[in-house]
file coords-v8.csv (CSV, C-alpha atoms and all ligand atoms)
chain,number,residue,atom,x,y,z
A,151,MET,CA,29.9,106.6,147.9
A,152,THR,CA,32.7,107.5,145.6
A,153,GLU,CA,36.1,108.1,147.2
A,154,ARG,CA,37.6,111.6,146.9
A,155,PRO,CA,40.6,111.4,144.6
A,156,THR,CA,43.9,111.6,146.4
A,157,LEU,CA,45.2,115.1,147.0
A,158,GLU,CA,48.8,113.9,147.5
A,159,VAL,CA,51.5,115.5,145.4
A,160,GLN,CA,53.7,113.2,143.4
A,161,ARG,CA,57.4,113.4,142.4
A,162,VAL,CA,58.2,111.9,139.1
A,163,ARG,CA,61.7,111.4,137.7
A,164,HIS,CA,62.5,111.6,134.0
A,165,GLU,CA,65.5,110.5,132.0
A,166,VAL,CA,67.7,113.5,131.5
A,167,LYS,CA,68.5,114.2,127.9
A,168,ARG,CA,70.3,117.1,126.2
A,169,ARG,CA,68.5,118.4,123.2
A,170,SER,CA,69.7,120.6,120.3
A,171,LEU,CA,67.0,122.9,119.0
A,172,GLN,CA,66.6,125.8,116.7
A,173,VAL,CA,64.4,128.9,117.0
A,174,ARG,CA,61.4,128.6,114.7
A,175,LYS,CA,59.4,131.7,115.8
A,176,VAL,CA,59.8,134.7,118.0
A,177,THR,CA,56.6,136.4,119.4
A,178,ARG,CA,56.6,139.6,121.5
A,179,LEU,CA,53.8,139.0,124.1
A,180,ALA,CA,54.4,142.3,125.9
A,181,PRO,CA,57.2,144.9,125.9
A,182,ARG,CA,59.1,142.8,128.5
A,183,MET,CA,58.1,139.3,127.6
A,184,VAL,CA,59.0,137.3,124.5
A,185,ARG,CA,57.9,133.8,123.5
A,186,VAL,CA,60.5,131.8,121.6
A,187,THR,CA,59.3,128.7,119.8
A,188,LEU,CA,62.0,126.1,119.5
A,189,GLY,CA,61.9,123.1,117.3
A,190,GLY,CA,63.9,120.1,116.3
A,191,ASP,CA,63.7,116.3,116.0
A,192,ASP,CA,65.1,116.0,119.5
A,193,MET,CA,61.7,117.1,120.8
A,194,GLU,CA,60.2,113.8,119.7
A,195,ASP,CA,60.3,112.2,123.2
A,196,PHE,CA,60.3,115.3,125.4
A,197,VAL,CA,58.2,114.9,128.6
A,198,SER,CA,57.1,117.6,131.0
A,199,ALA,CA,54.6,116.3,133.6
A,200,SER,CA,54.0,119.5,135.5
A,201,PHE,CA,53.5,123.2,134.9
A,202,ASP,CA,56.1,123.7,137.7
A,203,ASP,CA,58.8,121.9,135.7
A,204,HIS,CA,61.9,123.5,134.4
A,205,VAL,CA,64.4,122.8,131.6
A,206,LYS,CA,68.0,123.9,131.9
A,207,VAL,CA,68.8,126.1,129.0
A,208,PHE,CA,72.4,126.5,127.8
A,209,PHE,CA,73.2,130.0,126.4
A,210,PRO,CA,76.2,130.1,124.1
A,211,ALA,CA,79.1,132.0,125.5
A,212,SER,CA,80.5,134.9,123.4
A,213,THR,CA,83.8,133.2,123.0
A,214,PRO,CA,83.9,129.5,121.8
A,215,ASP,CA,86.3,128.3,124.6
A,216,ALA,CA,84.1,129.5,127.4
A,217,GLU,CA,81.4,127.4,129.1
A,218,PRO,CA,77.7,128.2,128.2
A,219,ALA,CA,75.7,129.9,130.9
A,220,LYS,CA,72.9,127.7,132.4
A,221,ARG,CA,69.5,129.1,133.5
A,222,ASP,CA,66.2,127.5,134.4
A,223,PHE,CA,63.0,128.1,132.3
A,224,THR,CA,59.5,126.7,132.3
A,225,PRO,CA,58.4,124.6,129.3
A,226,ARG,CA,55.4,126.8,128.6
A,227,ARG,CA,53.9,124.5,126.0
A,228,TYR,CA,55.2,121.6,123.9
A,229,ASP,CA,54.1,119.4,121.1
A,230,ASN,CA,55.9,116.2,120.3
A,231,ALA,CA,54.2,115.7,117.0
A,232,ARG,CA,55.3,119.1,115.8
A,233,ARG,CA,58.6,118.7,117.6
A,234,GLU,CA,58.2,122.1,119.3
A,235,LEU,CA,58.8,123.7,122.6
A,236,GLU,CA,57.7,127.2,123.7
A,237,ILE,CA,59.7,129.2,126.3
A,238,GLU,CA,58.7,132.6,127.5
A,239,PHE,CA,61.5,134.9,128.6
A,240,VAL,CA,61.2,138.0,130.8
A,241,LEU,CA,63.3,140.8,129.2
A,242,HIS,CA,64.6,142.2,132.5
A,243,GLY,CA,67.8,143.7,131.3
A,244,GLU,CA,71.2,142.1,131.9
A,245,GLY,CA,72.1,138.4,132.0
A,246,PRO,CA,72.9,135.8,129.4
A,247,ALA,CA,69.4,134.5,129.2
A,248,THR,CA,67.6,137.8,128.9
A,249,GLU,CA,70.1,139.1,126.4
A,250,TRP,CA,69.9,136.0,124.3
A,251,ALA,CA,66.1,136.2,124.2
A,252,ALA,CA,66.0,139.9,123.4
A,253,ALA,CA,68.1,139.2,120.3
A,254,ALA,CA,66.7,135.8,119.3
A,255,GLN,CA,66.1,135.2,115.6
A,256,VAL,CA,64.7,132.4,113.6
A,257,GLY,CA,67.4,129.8,113.0
A,258,ASP,CA,69.4,130.5,116.2
A,259,ALA,CA,70.6,127.3,118.0
A,260,LEU,CA,69.9,126.5,121.6
A,261,GLU,CA,70.5,123.5,123.8
A,262,ILE,CA,68.3,122.4,126.7
A,263,GLY,CA,68.5,119.6,129.3
A,264,GLY,CA,65.7,118.0,131.3
A,265,PRO,CA,63.2,118.3,132.9
A,266,ARG,CA,65.0,116.1,135.4
A,267,GLY,CA,61.8,115.6,137.4
A,268,SER,CA,58.3,116.9,138.0
A,269,PHE,CA,56.4,117.9,141.1
A,270,VAL,CA,52.9,117.0,140.2
A,271,ILE,CA,50.1,118.8,142.2
A,272,PRO,CA,46.7,117.1,141.7
A,273,VAL,CA,44.1,119.2,139.8
A,274,GLU,CA,41.5,117.8,142.2
A,275,PHE,CA,41.9,120.5,144.8
A,276,ASP,CA,38.7,122.6,145.3
A,277,HIS,CA,40.7,125.7,144.9
A,278,HIS,CA,44.2,126.6,143.5
A,279,VAL,CA,45.9,129.8,144.5
A,280,LEU,CA,48.7,130.8,142.1
A,281,LEU,CA,51.0,133.6,143.1
A,282,GLY,CA,53.9,135.1,141.1
A,283,ASP,CA,55.7,137.8,139.2
A,284,GLU,CA,56.7,137.9,135.5
A,285,SER,CA,59.1,135.0,135.8
A,286,ALA,CA,56.2,132.8,137.1
A,287,LEU,CA,53.8,133.9,134.4
A,288,PRO,CA,54.6,131.1,132.0
A,289,ALA,CA,54.0,128.5,134.7
A,290,ILE,CA,50.8,130.3,135.8
A,291,ALA,CA,49.5,130.5,132.3
A,292,ARG,CA,50.2,126.8,131.7
A,293,ARG,CA,48.5,125.9,135.0
A,294,LEU,CA,45.4,128.1,134.2
A,295,GLU,CA,45.1,126.2,130.9
A,296,GLU,CA,45.2,122.9,132.7
A,297,LEU,CA,42.7,123.9,135.4
A,298,ALA,CA,40.2,125.7,133.2
A,299,GLY,CA,36.8,124.0,133.6
A,300,ARG,CA,38.1,121.6,136.3
A,301,ALA,CA,38.8,123.7,139.4
A,302,ARG,CA,38.5,127.1,140.9
A,303,VAL,CA,41.6,129.2,140.6
A,304,THR,CA,42.7,132.6,142.1
A,305,ALA,CA,45.8,134.0,140.5
A,306,LEU,CA,47.6,137.1,141.7
A,307,VAL,CA,50.3,138.3,139.4
A,308,GLU,CA,52.7,141.2,140.1
A,309,VAL,CA,54.0,143.1,137.1
A,310,ASP,CA,55.7,146.5,136.5
A,311,GLY,CA,52.6,148.1,134.9
A,312,ASP,CA,49.5,147.5,132.7
A,313,ALA,CA,51.6,147.0,129.6
A,314,ASP,CA,53.2,143.9,131.1
A,315,ARG,CA,49.9,142.0,131.3
A,316,VAL,CA,49.7,139.1,128.9
A,317,ALA,CA,46.7,137.2,127.7
A,318,LEU,CA,45.7,134.4,130.1
A,319,PRO,CA,43.0,131.8,129.9
A,320,GLN,CA,39.6,133.1,131.1
A,321,GLY,CA,36.5,131.3,132.1
A,322,GLU,CA,34.2,130.4,134.9
A,323,GLY,CA,36.1,129.7,138.2
A,324,LEU,CA,39.3,131.4,137.0
A,325,ALA,CA,40.0,134.8,138.7
A,326,VAL,CA,43.1,136.6,137.7
A,327,HIS,CA,44.2,139.8,139.6
A,328,TRP,CA,47.0,141.9,138.3
A,329,ILE,CA,49.1,144.0,140.7
A,330,SER,CA,51.2,146.9,139.3
A,331,ARG,CA,54.3,147.5,141.3
A,332,GLN,CA,53.6,151.2,141.6
A,333,GLN,CA,50.4,150.4,143.4
A,334,GLY,CA,51.4,147.6,145.7
A,335,SER,CA,53.2,144.3,146.1
A,336,LEU,CA,52.3,140.7,145.7
A,337,LEU,CA,52.8,140.2,149.5
A,338,ASP,CA,50.3,143.0,150.3
A,339,ALA,CA,47.8,141.4,147.9
A,340,VAL,CA,48.3,138.0,149.5
A,341,ARG,CA,47.7,139.7,153.0
A,342,ALA,CA,44.4,141.1,151.7
A,343,LEU,CA,43.3,137.8,150.1
A,344,PRO,CA,40.5,136.0,151.9
A,345,LEU,CA,41.6,132.4,152.1
A,346,PRO,CA,39.3,130.2,149.9
A,347,ALA,CA,37.1,127.6,151.5
A,348,GLY,CA,37.6,123.9,150.8
A,349,GLU,CA,40.7,122.0,150.0
A,350,THR,CA,43.2,124.6,148.6
A,351,TYR,CA,46.7,124.3,147.2
A,352,TYR,CA,48.9,127.4,147.2
A,353,TRP,CA,51.7,127.8,144.6
A,354,ALA,CA,54.1,130.7,144.6
A,355,ALA,CA,57.1,131.6,142.6
A,356,GLY,CA,59.1,134.7,141.8
A,357,GLU,CA,61.8,136.9,143.5
A,358,SER,CA,63.4,135.1,146.4
A,359,ALA,CA,62.7,137.5,149.2
A,360,ALA,CA,59.1,138.1,148.1
A,361,VAL,CA,58.3,134.4,147.9
A,362,ARG,CA,60.0,133.7,151.2
A,363,ALA,CA,57.8,136.4,152.9
A,364,ILE,CA,54.7,135.1,151.2
A,365,HIS,CA,55.5,131.5,152.4
A,366,GLN,CA,56.1,132.8,156.0
A,367,HIS,CA,52.9,134.8,155.9
A,368,LEU,CA,50.7,131.9,154.8
A,369,VAL,CA,52.2,129.4,157.3
A,370,HIS,CA,52.7,131.6,160.4
A,371,GLU,CA,50.0,134.3,160.0
A,372,ARG,CA,47.3,132.4,158.1
A,373,GLY,CA,47.8,128.9,159.4
A,374,VAL,CA,48.1,127.3,156.0
A,375,ASP,CA,49.4,123.7,156.2
A,376,LYS,CA,53.0,123.6,154.8
A,377,LYS,CA,52.1,120.5,152.8
A,378,ARG,CA,49.6,122.6,150.9
A,379,ILE,CA,52.1,125.2,149.7
A,380,ARG,CA,54.8,125.0,147.1
A,381,ALA,CA,56.9,128.2,147.2
A,382,SER,CA,60.0,128.6,145.0
A,383,SER,CA,62.4,131.4,144.3
A,384,TYR,CA,62.8,131.7,140.5
A,385,TRP,CA,65.4,134.5,140.8
A,386,ARG,CA,67.1,136.7,143.4
A,387,ARG,CA,67.8,140.4,143.2
A,388,GLY,CA,71.5,140.9,142.7
A,389,ALA,CA,72.3,137.2,142.2
A,390,VAL,CA,72.4,134.9,139.2
A,391,ALA,CA,70.7,131.6,138.5
A,392,VAL,CA,68.9,131.1,141.9
A,393,HIS,CA,66.4,128.2,142.5
A,394,GLU,CA,65.3,127.4,146.0
A,395,THR,CA,62.1,125.9,147.4
A,396,PHE,CA,61.0,127.2,150.8
A,397,GLU,CA,59.9,124.5,153.3
A,398,GLU,CA,59.9,126.3,156.7
B,1,LIG,C1,62.0,126.5,138.0
B,1,LIG,C2,62.3,127.9,137.3
B,1,LIG,C3,61.5,128.2,136.2
B,1,LIG,C4,61.7,129.5,135.6
B,1,LIG,N1,60.9,129.8,134.5
B,1,LIG,C5,61.1,131.0,133.9
B,1,LIG,C6,60.4,131.4,132.8
B,1,LIG,O1,59.6,130.6,132.2
B,1,LIG,N2,60.6,132.6,132.2
B,1,LIG,C7,61.5,133.5,132.8
B,1,LIG,O2,61.7,134.6,132.2
B,1,LIG,N3,62.2,133.2,133.9
B,1,LIG,C8,62.0,132.0,134.5
B,1,LIG,N4,62.8,131.6,135.6
B,1,LIG,C9,63.7,132.6,136.1
B,1,LIG,C10,65.0,132.7,135.4
B,1,LIG,O3,65.7,131.4,135.5
B,1,LIG,C11,65.9,133.8,136.1
B,1,LIG,O4,65.3,135.0,135.9
B,1,LIG,C12,67.3,133.8,135.5
B,1,LIG,O5,68.1,134.4,136.5
B,1,LIG,C13,67.4,134.6,134.2
B,1,LIG,O6,68.8,134.5,133.8
B,1,LIG,P1,69.5,135.8,133.1
B,1,LIG,O7,70.7,135.3,132.5
B,1,LIG,O8,68.5,136.6,132.3
B,1,LIG,O9,69.9,136.7,134.4
B,1,LIG,P2,71.0,136.4,135.5
B,1,LIG,O10,72.4,136.4,134.9
B,1,LIG,O11,70.6,135.1,136.2
B,1,LIG,O12,70.9,137.6,136.5
B,1,LIG,C14,71.4,138.9,136.1
B,1,LIG,C15,70.7,140.0,137.0
B,1,LIG,O13,69.4,140.1,136.6
B,1,LIG,C16,68.5,139.9,137.8
B,1,LIG,N5,67.3,139.1,137.4
B,1,LIG,C17,67.3,137.8,137.0
B,1,LIG,N6,66.0,137.5,136.7
B,1,LIG,C18,65.2,138.6,136.8
B,1,LIG,C19,63.9,138.9,136.6
B,1,LIG,N7,63.0,137.9,136.2
B,1,LIG,N8,63.4,140.1,136.8
B,1,LIG,C20,64.3,141.1,137.2
B,1,LIG,N9,65.6,140.9,137.4
B,1,LIG,C21,66.1,139.7,137.2
B,1,LIG,C22,69.4,139.2,138.8
B,1,LIG,O14,69.0,139.5,140.1
B,1,LIG,C23,70.8,139.7,138.5
B,1,LIG,O15,71.0,140.9,139.2
B,1,LIG,C24,62.6,130.4,136.2
B,1,LIG,C25,63.4,130.0,137.3
B,1,LIG,C26,63.2,128.8,137.9
B,1,LIG,C27,64.1,128.4,139.0
call {"tool": "encode", "arguments": {"input": "coords-v8.csv", "output": "structure tokens", "more": "lines below"}}
Ligand SMILES: Cc1cc2nc3c(=O)[nH]c(=O)nc-3n(C[C@H](O)[C@H](O)[C@H](O)COP(=O)(O)OP(=O)(O)OC[C@H]3O[C@@H](n4cnc5c(N)ncnc54)[C@H](O)[C@@H]3O)c2cc1C
result
Amino acid sequence: MTERPTLEVQRVRHEVKRRSLQVRKVTRLAPRMVRVTLGGDDMEDFVSASFDDHVKVFFPASTPDAEPAKRDFTPRRYDNARRELEIEFVLHGEGPATEWAAAAQVGDALEIGGPRGSFVIPVEFDHHVLLGDESALPAIARRLEELAGRARVTALVEVDGDADRVALPQGEGLAVHWISRQQGSLLDAVRALPLPAGETYYWAAGESAAVRAIHQHLVHERGVDKKRIRASSYWRRGAVAVHETFEE
């Protein structure tokens, strides 16, 4: 009998390097989402082992003597041969990252650092549940691409409205449900979700209070093993540059 492949998550460290890149292309995916394709020779040895990785992005300050603002973003896609990295930005209004992305033009310079490490969740689970808002969409899209044809996936994505939906991989075993904020919340959708049978891994990211509530619900009301959940805040209402992972 063949052994079931291990379902243990793995942490991988990477050498941290700062890379200077330039904008090669800007693509509007939705009214509030823009993909920026960055390029440069520094991308030659870039590594990102997990969809859940982030790079630190340094946004130039408006005055040369001030420090750049640092924010975390998902490496949505990268290609060492083409020396390219794609990052998808939510255009949420105010903040150095969103303002930079809204105005990004071919030729603009941008520095990134990392990823410092990766949290690798095996693809071998029977079922993957992916939960998030717009800020988690790049990670969810990357994960759907990785899992297509290999595992069953249920993704619940909360967005403002129908115009905010972006194209995601489709196929057998991939179920994507969109939740418009006017109609309900991600937490309500999770409450109504029948838990899949089999070995399941739950991944959630988005606004801090929402993700914390989802984590609590899964652990305390649905009895999901904490080791089968990775729940991270990607931003917090009224705060800047927040990144937390909920364990309890
Ligand atoms: C591991 C990780 C990966 C991430 N990947 C991505 C990604 O691929 N794409 C992406 O767009 N974001 C991603 N984020 C979230 C992003 O880092 C934050 O949204 C960040 O705060 C944006 O910086 P800013 O300069 O635009 O706004 P800030 O200066 O940080 O915040 C200004 C104001 O905007 C609010 N705000 C911040 N983000 C949002 C938002 N998404 N929606 C509504 N209001 C917001 C804040 O509460 C604050 O009031 C990721 C975060 C983490 C931790």
call {"tool": "atom_distance", "arguments": {"input": "coords-v8.csv", "atom1": "atom C5 of ligand LIG 1 (chain B)", "atom2": "CA of Thr304 (chain A)"}}
result
20.2 Å
call {"tool": "closest_atom_pairs", "arguments": {"input": "coords-v8.csv", "of": "chain A", "to": "ligand LIG 1 (chain B)", "cutoff": "7 Å", "atoms": "only C-alpha atoms and all ligand atoms", "output": "tab-separated table"}}
result
residue	atom	partner	partner_atom	distance
A:Asp202	CA	B:LIG1	C1	6.5
A:Asp203	CA	B:LIG1	C1	6.1
A:His204	CA	B:LIG1	C1	4.7
A:Arg221	CA	B:LIG1	O3	4.9
A:Asp222	CA	B:LIG1	O3	4.1
A:Phe223	CA	B:LIG1	N1	3.5
A:Thr224	CA	B:LIG1	O1	3.9
A:Pro225	CA	B:LIG1	O1	6.8
A:Arg226	CA	B:LIG1	O1	6.7
A:Ile237	CA	B:LIG1	O1	6.1
A:Glu238	CA	B:LIG1	N2	5.1
A:Phe239	CA	B:LIG1	O2	3.6
A:Val240	CA	B:LIG1	O2	3.7
A:His242	CA	B:LIG1	C20	4.8
A:Gly243	CA	B:LIG1	O13	6.6
A:Glu244	CA	B:LIG1	C14	5.3
A:Gly245	CA	B:LIG1	O7	3.4
A:Pro246	CA	B:LIG1	O7	3.8
A:Ala247	CA	B:LIG1	O7	3.6
A:Thr248	CA	B:LIG1	O8	3.7
A:Glu249	CA	B:LIG1	O8	6.6
A:Glu284	CA	B:LIG1	N7	6.3
A:Ser285	CA	B:LIG1	N3	4.1
A:Ala286	CA	B:LIG1	C5	6.1
A:Pro288	CA	B:LIG1	O1	5.0
A:Ala289	CA	B:LIG1	O1	6.5
A:Ser383	CA	B:LIG1	C27	6.3
A:Tyr384	CA	B:LIG1	C25	3.7
A:Trp385	CA	B:LIG1	C11	4.8
A:Arg386	CA	B:LIG1	O14	4.7
A:Arg387	CA	B:LIG1	O14	3.4
A:Gly388	CA	B:LIG1	O15	3.5
A:Ala389	CA	B:LIG1	O14	4.5
A:Val390	CA	B:LIG1	O11	3.5
A:Ala391	CA	B:LIG1	O11	4.2
A:Val392	CA	B:LIG1	C27	6.2
A:His393	CA	B:LIG1	C27	4.2
call {"tool": "closest_residue", "arguments": {"input": "coords-v8.csv", "among": "A:Thr187, A:Thr156, A:Thr395, A:Gln333", "to": "Ile271 (chain A)", "atoms": "all atoms listed in the file"}}
result
A:Thr156
call {"tool": "atom_distance", "arguments": {"input": "coords-v8.csv", "atom1": "CA of His277 (chain A)", "atom2": "CA of Leu343 (chain A)"}}
result
13.4 Å
call {"tool": "closest_residue", "arguments": {"input": "coords-v8.csv", "among": "A:Ala254, A:Arg341, A:His367, A:Leu280", "to": "Leu324 (chain A)", "atoms": "only C-alpha atoms"}}
result
A:Leu280
call {"tool": "closest_residue", "arguments": {"input": "coords-v8.csv", "among": "A:Val176, A:Leu297, A:Met183, A:Leu368", "to": "Leu235 (chain A)", "atoms": "all atoms listed in the file"}}
result
A:Val176
call {"tool": "closest_residue", "arguments": {"input": "coords-v8.csv", "among": "A:Gly264, A:Gly257, A:Gly373, A:Gly190", "to": "Asn230 (chain A)", "atoms": "all atoms listed in the file"}}
result
A:Gly190
call {"tool": "build_atoms", "arguments": {"input": "coords-v8.csv", "residues": "region 243-258 of chain A", "atoms": "N, CA and C atoms", "output": "short mmCIF file (atom, residue, chain, number, x, y, z; two decimals), in the frame of the given file"}}
result
data_model
loop_
_atom_site.label_atom_id
_atom_site.label_comp_id
_atom_site.auth_asym_id
_atom_site.auth_seq_id
_atom_site.Cartn_x
_atom_site.Cartn_y
_atom_site.Cartn_z
N GLY A 243 66.61 142.88 131.39
CA GLY A 243 67.80 143.70 131.30
C GLY A 243 69.06 142.95 131.04
N GLU A 244 69.83 142.74 132.10
CA GLU A 244 71.20 142.10 131.90
C GLU A 244 71.18 140.67 132.38
N GLY A 245 71.91 139.87 131.64
CA GLY A 245 72.10 138.40 132.00
C GLY A 245 72.09 137.66 130.67
N PRO A 246 72.81 136.53 130.65
CA PRO A 246 72.90 135.80 129.40
C PRO A 246 71.60 135.34 128.82
N ALA A 247 70.65 134.96 129.69
CA ALA A 247 69.40 134.50 129.20
C ALA A 247 68.56 135.60 128.56
N THR A 248 68.41 136.66 129.33
CA THR A 248 67.60 137.80 128.90
C THR A 248 68.16 138.42 127.61
N GLU A 249 69.49 138.50 127.58
CA GLU A 249 70.10 139.10 126.40
C GLU A 249 69.99 138.24 125.19
N TRP A 250 70.10 136.92 125.39
CA TRP A 250 69.90 136.00 124.30
C TRP A 250 68.47 136.13 123.73
N ALA A 251 67.51 136.15 124.65
CA ALA A 251 66.10 136.20 124.20
C ALA A 251 65.75 137.47 123.50
N ALA A 252 66.32 138.57 123.98
CA ALA A 252 66.00 139.90 123.40
C ALA A 252 66.50 139.94 121.92
N ALA A 253 67.55 139.15 121.62
CA ALA A 253 68.10 139.20 120.30
C ALA A 253 67.78 137.96 119.44
N ALA A 254 66.96 137.06 119.99
CA ALA A 254 66.70 135.80 119.30
C ALA A 254 66.10 135.95 117.94
N GLN A 255 66.61 135.13 117.01
CA GLN A 255 66.10 135.20 115.60
C GLN A 255 65.89 133.78 115.13
N VAL A 256 64.96 133.67 114.19
CA VAL A 256 64.70 132.40 113.60
C VAL A 256 65.99 131.76 113.07
N GLY A 257 66.20 130.48 113.42
CA GLY A 257 67.40 129.80 113.00
C GLY A 257 68.48 129.71 114.06
N ASP A 258 68.39 130.55 115.10
CA ASP A 258 69.40 130.50 116.20
C ASP A 258 69.34 129.12 116.86
#
